[in-house]
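Engineer: I have a structure here, written as structure tokens, and I will follow up with some questions on it.
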Amino acid sequence: MDDGGFKMSAANETKLNDSDLCHIGPGTPAGEMFRRYWLAISRAEDLKEIPQAIKILGEELVLFRDGQGRLGLVGLHCSHRGSSLEYGDIEEKGIRCLYHGWLYDVEGNCLEQPLEPAGSTFCQKVKHPSYPVRELGGLLFTYMGPAKTNPPPLPRYSALVREDGMRLVFPPRFWDYSWFNFWENVVDSLHAYVLHRDSRSERSWENAFWRHRGDHHLDALPTEYGLKAIVRWPGPEPETEYVRLTTVALPTVFSLGGRGEEDLGFERLLFVTPADDNNFMVYTSDFIPKDAANPVDEREKARRAGPSAANVKEYDKRKYVPFKGQVWKEDYVCQSTQGNVGYRRENLATSDCAIILLRKQLLEAMEIVRNGGTPKGIIPKAKTNEMISLEAYRAVLTKSQVAQLLNGRS
């Protein structure tokens, strides 16, 4: 695949470590790695008839749809004298700066400079920053890498393209800490047993997890696009185990699946996109099969519920209290206060095996990119039109089925 001939200079080729995961600006190893993938940047329904300012991978940009319906993502600041195109006018051919009227199309070509002398061709010398945008499954994605004219295929994840049910795309969530603190948490499946134990609504199947004490096992297996995290514990019958399987596709796509056997066929995908080193966005897409029970309302009940203040002391002035009983705030308290990976002190244990594998895969992808290669998770051109299923479920399996799963056979 054409990578645009990018290779980081020898001066930058120091040994990568975990701290490099925290820095995603242009020219950084993680930033260049991210720029090889398609990244979610907005819900399609949120892009109205006015420009939308957005920050992605440390770059200030503006998203718009021109009068012909074409999607554009261009530099936020006009190439003339820097005024914000967030306040520009959308026209048939592109977006026009409100200050001196320079007009840009979705590919960053400067089409008009109305205050220049008649016959001037100066506009042909101006190339404004721009990136391709595509819509799929109710989300908008951009590719910010060097191969803008020939980018890799946009992955056709099943939750985004299936037509045998209903798709729900939730409003994005915006968080103000390092993207990687959130991202490694998605494969830290066992944390929920402690952190979220008191935050769950009643569920017929998953209660088996919350009521079981000890002897949980976590395994991590590499896959074609990333990894699988598998949690298992003793099942309801001899020679059975409860199994929770989730899948990650690099760089930041997470398949969560249903809450139990009653949700078979349900898919939930999370797409995480860093805005800068200290802010990121999360987009969520659910797919509910036709005639299946809709698990979304029940699933979101605990997330929407407010934290309990029942046991909070009147003298407790800690910044994030109360937080217990509200899943997202419990996660926020832990993830936003732990410090950045590579800078904080930590001691990884056996239960962190999925985190260890995830870090290893991302560092390998960064190394491959800076050496001019194609990282794991990029869809080959031959699979442009293929639907990609990221396996995720919770079920009771026999021990022989578990053995097959751990040997790489679903």
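Lettering and numbering for the structure tokens are positional, with chains as A, B, ... in the shown order, residues counted from 1 in each chain, and ligands counted from 1 in the shown order.
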Report the closest atom pair, with its distance in Å rounded to one decimal, for each residue of range 301-399 of chain A that has an atom no farther than 8 Å from range 185-198 of chain A; count only C-alpha atoms, sort by chain and then rising residue number, and write it as a Markdown table.
Structural biologist:
```
| residue | atom | partner | partner_atom | distance |
| --- | --- | --- | --- | --- |
| A:Lys324 | CA | A:Asp198 | CA | 7.5 |
| A:Gly325 | CA | A:Asp198 | CA | 5.8 |
| A:Val327 | CA | A:His196 | CA | 6.2 |
| A:Glu330 | CA | A:Leu195 | CA | 6.9 |
| A:Asp331 | CA | A:Leu195 | CA | 7.9 |
| A:Ser351 | CA | A:Leu190 | CA | 7.6 |
| A:Asp352 | CA | A:Asp188 | CA | 6.8 |
| A:Ala354 | CA | A:Val187 | CA | 5.9 |
| A:Ile355 | CA | A:Val187 | CA | 6.3 |
```
Engineer: Residues as selected, N, CA and C atoms, written as an mmCIF file, in the first residue's frame, can you do that?
Structural biologist:
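Heads up, here's the output in result-v1.cif:
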```
data_model
loop_
_atom_site.group_PDB
_atom_site.id
_atom_site.type_symbol
_atom_site.label_atom_id
_atom_site.label_comp_id
_atom_site.auth_asym_id
_atom_site.auth_seq_id
_atom_site.Cartn_x
_atom_site.Cartn_y
_atom_site.Cartn_z
ATOM 1 N N LYS A 324 -19.610 7.492 43.166
ATOM 2 C CA LYS A 324 -19.976 6.077 43.199
ATOM 3 C C LYS A 324 -21.431 5.893 42.784
ATOM 4 N N GLY A 325 -21.626 4.893 41.935
ATOM 5 C CA GLY A 325 -22.964 4.606 41.446
ATOM 6 C C GLY A 325 -23.225 5.126 40.049
ATOM 7 N N VAL A 327 -21.436 4.996 36.369
ATOM 8 C CA VAL A 327 -20.348 4.287 35.702
ATOM 9 C C VAL A 327 -19.339 5.245 35.081
ATOM 10 N N GLU A 330 -17.268 7.062 37.680
ATOM 11 C CA GLU A 330 -16.308 6.162 38.323
ATOM 12 C C GLU A 330 -15.084 5.986 37.429
ATOM 13 N N ASP A 331 -15.320 5.769 36.124
ATOM 14 C CA ASP A 331 -14.202 5.649 35.183
ATOM 15 C C ASP A 331 -13.397 6.933 35.121
ATOM 16 N N SER A 351 -3.124 -9.876 35.828
ATOM 17 C CA SER A 351 -4.428 -9.461 35.326
ATOM 18 C C SER A 351 -4.342 -8.327 34.316
ATOM 19 N N ASP A 352 -3.131 -7.795 34.081
ATOM 20 C CA ASP A 352 -2.931 -6.728 33.109
ATOM 21 C C ASP A 352 -2.430 -7.254 31.758
ATOM 22 N N ALA A 354 -3.825 -8.127 29.001
ATOM 23 C CA ALA A 354 -4.386 -7.506 27.796
ATOM 24 C C ALA A 354 -3.816 -6.107 27.592
ATOM 25 N N ILE A 355 -3.615 -5.376 28.679
ATOM 26 C CA ILE A 355 -3.009 -4.049 28.591
ATOM 27 C C ILE A 355 -1.583 -4.154 28.057
#
```
Engineer: When DSSP is applied to the backbone of this structure, which of range 34-281 of chain A are assigned helix (DSSP H, G or I)? Write them out as a VMD selection string.
Structural biologist: chain A and resid 34 44 to 46 85 to 87 122 to 125 158 to 161 179 to 185 191 to 195 207 to 210 261 to 263
Engineer: Go ahead and write the selection's residues with C-alpha atoms as a PDB file, in the first residue's frame.
Structural biologist:
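The file below, again-v4.pdb, is the result:
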```pdb
ATOM      1  CA  PHE A  34      -2.845   7.491  13.921  1.00  0.00           C
ATOM      2  CA  ALA A  44     -23.365  12.673  10.300  1.00  0.00           C
ATOM      3  CA  GLU A  45     -26.537  14.141  11.798  1.00  0.00           C
ATOM      4  CA  ASP A  46     -24.559  16.704  13.800  1.00  0.00           C
ATOM      5  CA  LEU A  85     -13.208  29.518   8.760  1.00  0.00           C
ATOM      6  CA  GLU A  86     -15.610  28.381  11.469  1.00  0.00           C
ATOM      7  CA  TYR A  87     -17.324  31.695  10.735  1.00  0.00           C
ATOM      8  CA  PHE A 122      -2.135  33.940  -7.294  1.00  0.00           C
ATOM      9  CA  CYS A 123      -4.954  31.736  -5.990  1.00  0.00           C
ATOM     10  CA  GLN A 124      -3.517  28.847  -7.987  1.00  0.00           C
ATOM     11  CA  LYS A 125      -0.366  29.009  -5.851  1.00  0.00           C
ATOM     12  CA  SER A 158     -20.516  -4.989  10.515  1.00  0.00           C
ATOM     13  CA  ALA A 159     -22.167  -2.690  13.062  1.00  0.00           C
ATOM     14  CA  LEU A 160     -21.892   0.129  10.497  1.00  0.00           C
ATOM     15  CA  VAL A 161     -23.115  -1.693   7.388  1.00  0.00           C
ATOM     16  CA  TRP A 179      -6.739   9.239  25.276  1.00  0.00           C
ATOM     17  CA  PHE A 180      -4.605   6.250  26.240  1.00  0.00           C
ATOM     18  CA  ASN A 181      -5.826   6.166  29.846  1.00  0.00           C
ATOM     19  CA  PHE A 182      -9.314   5.601  28.457  1.00  0.00           C
ATOM     20  CA  TRP A 183      -8.168   3.267  25.708  1.00  0.00           C
ATOM     21  CA  GLU A 184      -6.248   0.749  27.796  1.00  0.00           C
ATOM     22  CA  ASN A 185      -9.227   0.623  30.160  1.00  0.00           C
ATOM     23  CA  HIS A 191     -11.720  -3.553  36.737  1.00  0.00           C
ATOM     24  CA  ALA A 192     -15.510  -3.538  36.407  1.00  0.00           C
ATOM     25  CA  TYR A 193     -15.831  -6.209  39.087  1.00  0.00           C
ATOM     26  CA  VAL A 194     -14.411  -3.791  41.672  1.00  0.00           C
ATOM     27  CA  LEU A 195     -15.058  -0.278  40.365  1.00  0.00           C
ATOM     28  CA  ASN A 207     -25.410 -10.837  37.488  1.00  0.00           C
ATOM     29  CA  ALA A 208     -23.512 -14.118  37.305  1.00  0.00           C
ATOM     30  CA  PHE A 209     -20.387 -12.005  36.900  1.00  0.00           C
ATOM     31  CA  TRP A 210     -21.036  -9.525  39.687  1.00  0.00           C
ATOM     32  CA  GLU A 261     -27.120 -14.639  25.815  1.00  0.00           C
ATOM     33  CA  GLU A 262     -30.370 -12.704  25.527  1.00  0.00           C
ATOM     34  CA  ASP A 263     -28.508 -10.040  23.490  1.00  0.00           C
TER      35      ASP A 263
END
```
Engineer: My list of candidates is A:Gly27, A:Gly145, A:Gly339, A:Gly235. Which is closest to Asn278 in chain A when distances are computed with only C-alpha atoms?
Structural biologist: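 Of all the options, A:Gly339 lies closest to Asn278 in chain A.
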Engineer: Which residues come within 9 Å of range 386-391 of chain A, counting only C-alpha atoms, excluding same-chain residues fewer than 4 positions away, as a short mmCIF file (atom, residue, chain, number, x, y, z; two decimals) with N, CA and C atoms, in the first residue's frame?
Structural biologist:
```
data_model
loop_
_atom_site.label_atom_id
_atom_site.label_comp_id
_atom_site.auth_asym_id
_atom_site.auth_seq_id
_atom_site.Cartn_x
_atom_site.Cartn_y
_atom_site.Cartn_z
N PRO A 155 -12.68 0.86 6.77
CA PRO A 155 -13.18 -0.45 7.24
C PRO A 155 -14.71 -0.49 7.31
N ARG A 156 -15.27 -1.54 6.74
CA ARG A 156 -16.72 -1.74 6.74
C ARG A 156 -17.09 -2.68 7.90
N TYR A 157 -17.01 -2.13 9.12
CA TYR A 157 -17.36 -2.92 10.29
C TYR A 157 -18.85 -3.27 10.24
N SER A 158 -19.15 -4.49 10.66
CA SER A 158 -20.52 -4.99 10.51
C SER A 158 -21.54 -4.10 11.19
N ALA A 159 -21.22 -3.55 12.35
CA ALA A 159 -22.17 -2.69 13.06
C ALA A 159 -22.51 -1.44 12.26
N VAL A 161 -22.59 -1.41 8.73
CA VAL A 161 -23.11 -1.69 7.39
C VAL A 161 -24.24 -2.72 7.36
N ARG A 162 -24.47 -3.43 8.46
CA ARG A 162 -25.56 -4.42 8.46
C ARG A 162 -26.90 -3.74 8.18
N TYR A 225 -6.58 -7.85 13.25
CA TYR A 225 -6.66 -6.40 13.32
C TYR A 225 -6.24 -5.81 14.66
N LYS A 228 -8.04 -9.83 21.15
CA LYS A 228 -9.23 -10.22 21.89
C LYS A 228 -8.89 -10.30 23.37
N LEU A 245 -16.14 -11.98 25.96
CA LEU A 245 -15.13 -11.74 24.93
C LEU A 245 -15.35 -10.37 24.31
N THR A 246 -14.30 -9.56 24.25
CA THR A 246 -14.34 -8.27 23.57
C THR A 246 -13.15 -8.19 22.62
N THR A 247 -13.28 -7.34 21.61
CA THR A 247 -12.26 -7.25 20.56
C THR A 247 -11.85 -5.81 20.31
N VAL A 248 -10.57 -5.62 20.06
CA VAL A 248 -10.00 -4.32 19.70
C VAL A 248 -9.44 -4.41 18.29
N ALA A 249 -9.72 -3.38 17.48
CA ALA A 249 -9.06 -3.21 16.19
C ALA A 249 -8.23 -1.94 16.28
N PHE A 254 -13.30 -0.48 19.41
CA PHE A 254 -13.57 -1.47 20.46
C PHE A 254 -14.95 -2.06 20.24
N SER A 255 -15.04 -3.39 20.18
CA SER A 255 -16.30 -4.10 20.03
C SER A 255 -16.69 -4.70 21.36
N LEU A 256 -17.85 -4.26 21.85
CA LEU A 256 -18.27 -4.61 23.21
C LEU A 256 -19.31 -5.72 23.25
N GLY A 257 -20.15 -5.80 22.23
CA GLY A 257 -21.14 -6.86 22.18
C GLY A 257 -22.26 -6.69 23.18
N GLU A 267 -24.60 -5.51 18.59
CA GLU A 267 -23.22 -5.04 18.46
C GLU A 267 -23.11 -3.62 18.98
N LEU A 269 -19.99 -0.69 18.99
CA LEU A 269 -18.63 -0.28 18.65
C LEU A 269 -18.34 1.08 19.26
N ALA A 382 -7.60 -5.37 -1.37
CA ALA A 382 -8.36 -6.54 -1.82
C ALA A 382 -9.62 -6.76 -0.99
N SER A 410 -12.71 -19.61 17.12
CA SER A 410 -13.92 -19.07 17.74
C SER A 410 -14.95 -20.16 17.97
#
```
Engineer: Please determine, counting only C-alpha atoms, which residue among A:Glu49, A:Asp276, A:Gly373, A:Arg65 has the shortest atom-to-atom distance to Ile24 in chain A.
Structural biologist: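 Checking each of A:Glu49, A:Asp276, A:Gly373, A:Arg65 against Ile24 in chain A, counting only C-alpha atoms, the winner is A:Asp276.
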Engineer: Let's see if you can do this: from backbone DSSP, list all strand (DSSP E or B) residues in range 42-119 of chain A, as JSON, numbers by chain.
Structural biologist: {"A": [42, 43, 52, 53, 54, 55, 56, 59, 60, 61, 62, 63, 64, 65, 71, 72, 73, 74, 75, 77, 84, 89, 90, 95, 96, 103, 104, 109, 110, 111, 112]}
Engineer: Save out the residues we just selected, C-alpha atoms, as a tab-separated table (two decimals), in the first residue's frame.
Structural biologist:
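Final file, out30.tsv:
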```
chain	number	residue	atom	x	y	z
A	42	SER	CA	-18.46	13.44	13.92
A	43	ARG	CA	-21.94	12.03	13.75
A	52	GLN	CA	-18.06	22.93	12.56
A	53	ALA	CA	-14.70	23.63	14.22
A	54	ILE	CA	-12.94	20.48	15.37
A	55	LYS	CA	-9.52	19.55	16.70
A	56	ILE	CA	-8.02	16.22	15.61
A	59	GLU	CA	-4.63	20.09	14.30
A	60	GLU	CA	-7.30	22.81	14.30
A	61	LEU	CA	-9.72	22.08	11.45
A	62	VAL	CA	-13.18	22.92	10.19
A	63	LEU	CA	-15.71	20.37	8.95
A	64	PHE	CA	-18.42	21.30	6.45
A	65	ARG	CA	-20.63	20.07	3.63
A	71	LEU	CA	-17.82	16.69	2.70
A	72	GLY	CA	-14.82	18.85	3.50
A	73	LEU	CA	-12.27	18.96	6.32
A	74	VAL	CA	-9.82	21.81	5.95
A	75	GLY	CA	-7.51	23.92	8.09
A	77	HIS	CA	-7.39	29.26	9.80
A	84	SER	CA	-11.25	31.32	11.47
A	89	ASP	CA	-19.88	31.05	4.49
A	90	ILE	CA	-20.69	27.71	2.88
A	95	ILE	CA	-16.25	27.54	2.06
A	96	ARG	CA	-15.51	31.28	1.86
A	103	LEU	CA	-12.92	30.57	-1.37
A	104	TYR	CA	-11.67	27.02	-0.78
A	109	ASN	CA	-7.81	24.43	-3.57
A	110	CYS	CA	-8.15	28.20	-3.43
A	111	LEU	CA	-10.72	29.03	-6.09
A	112	GLU	CA	-11.22	32.75	-5.64
```
Engineer: Just checking: using only C-alpha atoms, which residue out of A:Glu92, A:Glu314, A:Glu135, A:Glu32 ends up closest to Ala365 in chain A?
Structural biologist: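 Among the listed residues, A:Glu32 lies closest to Ala365 in chain A.
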Engineer: Record the distance separating CA of Tyr393 in chain A and CA of Phe287 in chain A, expressed in Å with one decimal.
Structural biologist: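 Separation between CA of Tyr393 in chain A and CA of Phe287 in chain A: 13.5 Å.
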Engineer: With distances taken over only C-alpha atoms, which residue among A:Asn311, A:Thr350, A:Thr240, A:Ser83 lies nearest Ala395 in chain A?
Structural biologist: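 Selected residue with least distance to Ala395 in chain A: A:Thr240.
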Engineer: Report, in Å to a single decimal, how far apart CA of Tyr283 in chain A and CA of Arg173 in chain A are.
Structural biologist: 6.8 Å
Engineer: From the options A:Ser19, A:Gln68, A:Ser120, A:Thr398, which residue's atoms come nearest to Pro236 in chain A, counting only C-alpha atoms?
Structural biologist: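 Smallest distance to Pro236 in chain A is found for A:Thr398.
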Engineer: Just the number, please: distance in Å from CA of Tyr143 in chain A to CA of His128 in chain A, one decimal.
Structural biologist: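 Taking CA of Tyr143 in chain A and CA of His128 in chain A, their separation equals 16.1 Å.
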Engineer: Which residue is closest to Tyr37 in chain A? Choose from A:Lys376, A:Arg70, A:Arg359, A:Arg318 and count only C-alpha atoms.
Structural biologist: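 Between A:Lys376, A:Arg70, A:Arg359, A:Arg318, the residue approaching Tyr37 in chain A most closely is A:Lys376.
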